[in-house]
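Student: My questions all concern the structure below.
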Amino acid sequence: MAEDPSGWSLTESDPQVFTQLLRDLGVKGLQVDDLYSLDPSTLETLKPIHALIFLFKYVESSGASGEGTSGVEVDPLENGVWFANQVINNSCGTLAALNAVMNIHPQPSSHPGETVELGPELDNLRDFGAGMGSQDLGHILSSSPHIREVHNSFSKSSPFSLDPTAFPEREKEDAYHFVAYLPVNGILYELDGLRRNPIMHASVEEGDGWLDIARDTIESRIGTYPPGSLMFNLLCVRSAAIPRLQRLLQDPTTPAEMRYQLQDQLDHERTKAQRGEVENALRRHNLLPTVFALFKAMGEKGLMSKAVEEARAKGKERKERRAVKGEE
């Protein structure tokens with residue numbers, strides 16, 4: 001796969017990637033999770049939710065023309081919205097995350113780990129860009145070596161480098177795009193870096209009421225695609241779960257009937273975080289040279305054929321065991 005001339009790699013739609021990306025940029029007190037459903041019971045387990053990041057298959061008609069989305073474009077400076085345009089290819093994931101967190105107000109807390117804040121780097125960037133237009137903010141983000149380095153630290157390794165001009169008739173891969181939804185000053189906005197301005201959708205009440213309108217807005221957008229389309233993914237930016245769960249479990253006033261549920265949630269969050277650390281570490285290390293060297297050494301010592309046969313035998317045994325259990 002050829003490197004993009006922009007110097008920015010594609011972003012994987014994985015909550016652990018986004019969580020670590022925000023941490024590496026200095027954001028505290030937030031995490032990103034998959035959102036498999038927008039029903040009230042699912043949302044309740046994840047609250048407080050501060051923003052949604054929506055991934056969808058991008059088609060030209062859903063971009064600058066405004067088709068595929070409702071709402072009205074408004075001037076971000078007049079409405080107090082921090083909004084940067086996408087001026088670099090492949091940066092939409094990081095841009096959607098930054099457009100979201102830059103509009104989340106700091107939330108100090110006396111409880112360890114529960115304070116929500118941007119951190120010094122993004123605080124300085126927001127102060128420096130105060131009063132600037134969306135294009136200028138986009139150029140500031142794209143020209144930041146630190147933001148680009150953090151963004152690219154999750155890029156996938158590839159053993160091949162193909163020149164796309166060598167395959168002019170090859171069908172292009174589908175393009176996907178990230179946008180953010182969140183309330184700002186009592187109004188639900190859609191922040192799409194490919195649009196000139198933020199999109200104002202509707203007034204929302206204080207608290208979590210904005211999620212109902214965001215759900216209707218996203219479902220309406222999904223409805224513009226063919227029935228049964230699997231072209232979407234939804235992430236939520238929420239307050240960090242582990243510090244809050246630990247505090248509630250240590251609180252003697254927490255009802256006993258709630259403790260089992262809280263402990264299950266805490267165990268799940270810890271397991272998820274540990275798995276995310278391993279997966280992100282693997283993303284950041286190119287293990288392909290090691291694998292190739294191992295294969296080469298096994299081949300030179302005549303061990304490759306034996307290893308392949310043993311692997312086939314083990315695979316056959318596993319398949320037979322599953323068949324006996326009725327799993328196939």
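Within each chain, counting starts at residue 1; across the structure tokens, chains are named A, B, ... in the order shown, with ligands numbered 1 upward in that order.
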Extract the full set of helix (DSSP H, G or I) residues from stretch 7-240 of chain A according to DSSP on the backbone, and format it as a PyMOL selection string.

Tutor: chain A and resi 15-24+40-46+60-62+76-79+92-101+120-128+134-142+145-152+164-166+210-222

Student: With only C-alpha atoms as the counted atoms, please give the residues lying no more than 9 Å from A:Asn103, apart from itself and same-chain residues fewer than 3 positions off, as a PyMOL selection string.

Tutor: chain A and resi 80-83+98-100+182-184

Student: For each of A:Gln16, A:Ser134, A:Asn124, A:Ser70, take the minimum atom-to-atom distance to A:Glu277, counting only C-alpha atoms, then give the residue where this is smallest.

Tutor: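 The shortest atom-to-atom distance to A:Glu277 comes from A:Gln16.
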
Student: I'd like to know which of A:Asn280, A:Thr290, A:Gly71, A:Met298 is closest to A:Met200, using only C-alpha atoms.

Tutor: A:Gly71

Student: Using only C-alpha atoms, which residue out of A:Asp33, A:Asp208, A:Glu114, A:Glu12 lies closest to A:Gln246?

Tutor: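 Result for the nearest residue to A:Gln246: A:Glu114.
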
Student: Closest to A:Asp216 among A:Arg247, A:Gln86, A:Val324, A:Leu38, using only C-alpha atoms?

Tutor: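 Closest to A:Asp216, using only C-alpha atoms: A:Leu38.
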
Student: Residues within 12 Å of stretch 232-234 of chain A, please, as number ranges by chain. Count only C-alpha atoms; anything in the same chain fewer than 5 positions from it doesn't count.

Tutor: A: 12-15, 32-38, 51-58, 175-181, 214-215, 218-219, 221-223, 225
